[in-house]
Structures are given as C-alpha cells and as structure tokens.
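Visitor: Before I ask anything, let me first share the structure, which is written out below as structure tokens.
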Amino acid sequence: MPQPLKIALIADIHHGIDIGTKLGSSALTLLQPFVDWVNAVRPHLVVELGDRINDFDKDTDYRWTQDVAHAFSAICDPCVHILGNHDVFAMSRSETEEAMQTTLACHSRDLNGFHLVFWNSAVNLESGTYHLGSDDLLWLEADLAKTDLPTIIFSHLPLDNGSMLGNFYFERLVPRGAHYAEGALARDIIERSGKVIACLAGHTHWNACNTIDGVHYITIHSLTESFTTHPYPTGAFGILSVDEHLCVEVFGRDPALYRLPIKPLGYHWQNLHREFAPRPARLTPRMKALLDNDG
C-alpha cells in the first residue's frame, strides 16, 4: 500500500515592497523557514499557488521573481508553480516562465494513486472581474476525461465562489475580484466528472474551506498578508495529506486544520437541479408547488 500523499503548500508570497497589508519586504525572510521545513519533512511535492511578487514594473518584477526562484532552488523535492495575477501584471506568461525557469502551462501528473491537475488558467483582471477562457474550460474537461483516478486541482483563484464577507480586499475594494465570473461552469465540469475530490487555491489571502457536491474547495492563506494578524505577516504555509481522509494543515500566526472525508468516484450529493440527482418520488403539496414554480 503506498504511503499517504503529502504535498507542501505555499501561496501569495508577494515578494517586494510593502503594499497595503501585503508585507512584501518580509517575504524572503519568511520563505527560509518554509524551505528548511520542506527539506526536513520531505513531501512528495511542493506546490506554490501563485502571486510570487507585489508587482511594480517589468524590470523590477522580473528581478523579484528571480529572487523567489532562487529561494525555491534550495528545496530538495520537486516544485510546481501556479500562475498568479500579480505575476503577469507587468510581465507576460513567457517572461514569468523565464524568470522562474519552469513551465506555467496547464498540466497534470499522477502521483501515489492520485491525479494532480495544475490549472494555470487565465488570471487577467478585466474591469474588476476575472474571466476563464474557453480554452481553459476545454482543457480541464479533456484532462479530467483522461483519468480514472481521484483528482486534486490546484489553481490560483478559488473555484467555489464562496463568501468574501470580512475579507480586507474582496468584500469592498475589489468585490468581483475573488473568483472567476464563470466559476459555475468550472464547477459543472468538476462535478460531472465525478473524479475531483478537492480543489486547492490561494489568492484571497485567508484560510477557507467550502464543500460543494462532496468536493472540498480549500484556500490557503498568504505568506506575507497581515490583515488577519496585524501588524505582523501570517508566515503561512501548509501541507496536504491524503490517505483515508483528506487533511490540510496551515501553519503560522493564523493556523487552520481541516480533516475531511474523501468522496467515492462518481458519487454526488442529491440535488434537484442536477441531471444526476433524481426527483424525490414523494413530495408534500407545498414542496411540489415550489418545485413546479421553479421550473
């Protein structure tokens, strides 16, 4: 029996100058304990969930991205990097790949009996909103169709379109900037596949967990964010462990721990608005009237 899958996680490093509550000047200092911890724990994989820099200008962003790449070069285990919105504000995707010396294309791999999807979907803010490209959705659907393994998706933006009440950035400052406008389309592909057990993301600068149709959507806090730990940065990083349960633990000044069930492949919650869920055979008159009115 294979040993439990263990994946180290870090999100929203935001290396650079301090901007708002993002204390970018502390990033490289805070990265060192993460690197040391990873080299001591020796997970199967390290996944960095994007937004490596506090964008400033093209030349500076390139240099700061190289700083982060240099820090990760000290890690003994394989590392996968996800594309964040701040990473390509002034640079192109290819320039970011050059600075990081890695691919930032969508790709996947199988590891310890699980299918891991690294979904580098579009991260360009347009009029205060993020949009998925049609190619992003087609790629995800095709990739999920090729596997029969339980699947975990990694992306920069969360895919659950969960509540942002209380979030420093996304409740009022950028209210449409926390998720994709087409998040429901992504979830429809995820749910219809019957294979995805969890989706891991960063971007929103807090720890969050939401479960939809048995799929766990988990967001990891930012390394240098301070709005929940003012005046100090969180120093957040974490680990995903999967065996009989799916566990995510986030360390730092704002810790979190989730221990969650893993749904069987092809399993779905009962839901009257989904084709894979049956309409109840017996209904009260009031419920029947409500359903009939809802179409």
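In the structure tokens, the first chain shown is A, the next is B, and so on; residue numbers restart at 1 for each chain, and ligands run from 1 in the order shown.
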I'd like the contact shell of region 65-79 of chain A - 6 Å cut-off, only C-alpha atoms, skipping same-chain residues fewer than 6 positions apart - returned as a PDB file with C-alpha atoms, in the first residue's frame.
Guide:
ATOM      1  CA  VAL A  35      12.394  25.901   2.734  1.00  0.00           C
ATOM      2  CA  LEU A  45       5.772  17.515  -3.980  1.00  0.00           C
ATOM      3  CA  VAL A  46       5.765  21.250  -3.273  1.00  0.00           C
ATOM      4  CA  VAL A  47       3.042  23.398  -4.854  1.00  0.00           C
ATOM      5  CA  ALA A  99      12.368  34.209 -14.610  1.00  0.00           C
ATOM      6  CA  MET A 100      11.136  31.126 -12.722  1.00  0.00           C
TER       7      MET A 100
END
Visitor: Which residues, written as a ChimeraX atom specification, have at least one atom at most 12 Å from Asp59 (chain A), with only C-alpha atoms counted and residues fewer than 4 positions away on the same chain left out?
Guide: /A:55,63-66,90-92,95-96,99
Visitor: Please measure the separation of CA of Lys22 (chain A) and CA of Trp206 (chain A), giving the value in Å to one decimal.
Guide: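 CA of Trp206 (chain A) lies at a distance of 12.2 Å from CA of Lys22 (chain A).
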Visitor: A:Tyr258, A:Phe56, A:Trp119, A:Phe170: which is nearest His203 (chain A), counting only C-alpha atoms?
Guide: A:Phe170
Visitor: Counting only C-alpha atoms, which of A:Ser94, A:Asn124, A:Thr284, A:Thr151 gets nearest to His216 (chain A)?
Guide: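 When distances to His216 (chain A) are compared using only C-alpha atoms, the smallest one comes from A:Thr151.
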Visitor: Return the single residue from A:Gly128, A:Arg253, A:Ala142, A:Phe276 that is closest to Cys106 (chain A), with distances computed using only C-alpha atoms.
Guide: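 Closest candidate: A:Ala142.
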Visitor: Let me make sure I understand: among A:Ile7, A:Glu48, A:Leu260, A:Arg42, which one has the smallest atom-to-atom distance to Asn210 (chain A) if we use only C-alpha atoms?
Guide: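 Under the stated criterion, the closest residue is A:Leu260.
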